[in-house]
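The next block holds one structure in the form of structure tokens; read it before the comments.
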Amino acid sequence: MIESEYLAKHCDGKELLLHIRIDIPKKETTQNGDFCCRFSVPELNIDNPIFGVDATQSLCLAILRFRSWVESMSSDGWTFYFSQDTDQEIDLLATYFPTQW
């Protein structure tokens, strides 16, 4: 499992310590043999199984789900900080999804 911890601050002053998790893809035991990679944020009761035809696709789709979640939270007025450095806001989209290499 990949796990990162962030402090999320809302524009209304609310703060949440969040644990973002992306599981290692696992092959399902169903007939179609798809792979599943979970995206979860336990503090927000988010637990999404993400399915793909193979391990790579399920992982890529879980990472895209993470991006979608960050975009949604940011649009709703949330900013993010590393839990060890709450004075310096981090732009998760620019950090993890750069537009240029």
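The way I read the labels, and the way they are meant: chains A, B, ... in the order of the structure tokens, residue 1 as the first residue of every chain, and ligand 1 as the first ligand shown, with later ones counted on from there.
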Running DSSP on the backbone, which parts of chain A land in strand (DSSP E or B), as a PyMOL selection string?
chain A and resi 2-10+15-22+26-27+35-41+46-52+78-82+85-90
Store the residues of this selection in a file with C-alpha atoms, as a JSON list (two decimals), in the first residue's frame.
[["chain", "number", "residue", "atom", "x", "y", "z"],
["A", 2, "ILE", "CA", 1.06, 3.55, -0.73],
["A", 3, "GLU", "CA", 0.01, 5.97, 2.01],
["A", 4, "SER", "CA", 0.55, 9.69, 2.43],
["A", 5, "GLU", "CA", -0.59, 11.96, 5.22],
["A", 6, "TYR", "CA", -1.77, 15.51, 4.60],
["A", 7, "LEU", "CA", -3.39, 18.24, 6.60],
["A", 8, "ALA", "CA", -6.34, 19.66, 4.68],
["A", 9, "LYS", "CA", -7.55, 23.16, 5.58],
["A", 10, "HIS", "CA", -10.89, 24.49, 4.41],
["A", 15, "GLU", "CA", -8.92, 21.23, 9.40],
["A", 16, "LEU", "CA", -8.67, 17.49, 8.72],
["A", 17, "LEU", "CA", -5.71, 15.15, 9.02],
["A", 18, "LEU", "CA", -6.12, 12.81, 6.04],
["A", 19, "HIS", "CA", -4.48, 9.53, 5.07],
["A", 20, "ILE", "CA", -4.55, 8.94, 1.32],
["A", 21, "ARG", "CA", -4.13, 5.28, 0.41],
["A", 22, "ILE", "CA", -3.68, 3.44, -2.86],
["A", 26, "LYS", "CA", -4.61, -7.58, -6.71],
["A", 27, "LYS", "CA", -6.07, -10.11, -9.10],
["A", 35, "PHE", "CA", -7.44, -6.61, -11.13],
["A", 36, "CYS", "CA", -8.52, -4.31, -8.30],
["A", 37, "CYS", "CA", -6.62, -1.38, -6.80],
["A", 38, "ARG", "CA", -8.32, 0.48, -3.93],
["A", 39, "PHE", "CA", -8.24, 4.24, -3.47],
["A", 40, "SER", "CA", -9.22, 5.27, 0.04],
["A", 41, "VAL", "CA", -9.39, 8.21, 2.40],
["A", 46, "ILE", "CA", -13.95, 6.98, 0.86],
["A", 47, "ASP", "CA", -13.10, 3.42, -0.14],
["A", 48, "ASN", "CA", -13.23, 2.93, -3.90],
["A", 49, "PRO", "CA", -12.28, -0.35, -5.56],
["A", 50, "ILE", "CA", -10.85, 0.51, -8.97],
["A", 51, "PHE", "CA", -10.90, -2.29, -11.55],
["A", 52, "GLY", "CA", -8.76, -2.80, -14.62],
["A", 78, "TRP", "CA", -9.61, 22.89, 0.57],
["A", 79, "THR", "CA", -5.85, 23.45, 0.58],
["A", 80, "PHE", "CA", -3.25, 20.84, 1.48],
["A", 81, "TYR", "CA", -0.16, 20.76, 3.66],
["A", 82, "PHE", "CA", 2.34, 18.10, 4.66],
["A", 85, "ASP", "CA", 4.95, 21.52, 7.74],
["A", 86, "THR", "CA", 1.59, 23.19, 8.18],
["A", 87, "ASP", "CA", 2.88, 26.66, 7.23],
["A", 88, "GLN", "CA", 3.69, 25.83, 3.60],
["A", 89, "GLU", "CA", 0.74, 25.00, 1.35],
["A", 90, "ILE", "CA", 1.43, 22.38, -1.30]]
So that I can check the secondary structure, give me every residue of chain A assigned alpha helix (DSSP H) by backbone DSSP, as a PyMOL selection string.
chain A and resi 55-75+92-96
Just checking: using only C-alpha atoms, which residue out of A:Thr30, A:Gly77, A:Ser68, A:Asn45 ends up closest to A:Lys14?
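The closest residue to A:Lys14 is A:Gly77.
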For A:Trp69, the nearest of the candidates A:Gln84, A:Ile24, A:Leu93, A:Glu43, counting only C-alpha atoms:
A:Leu93
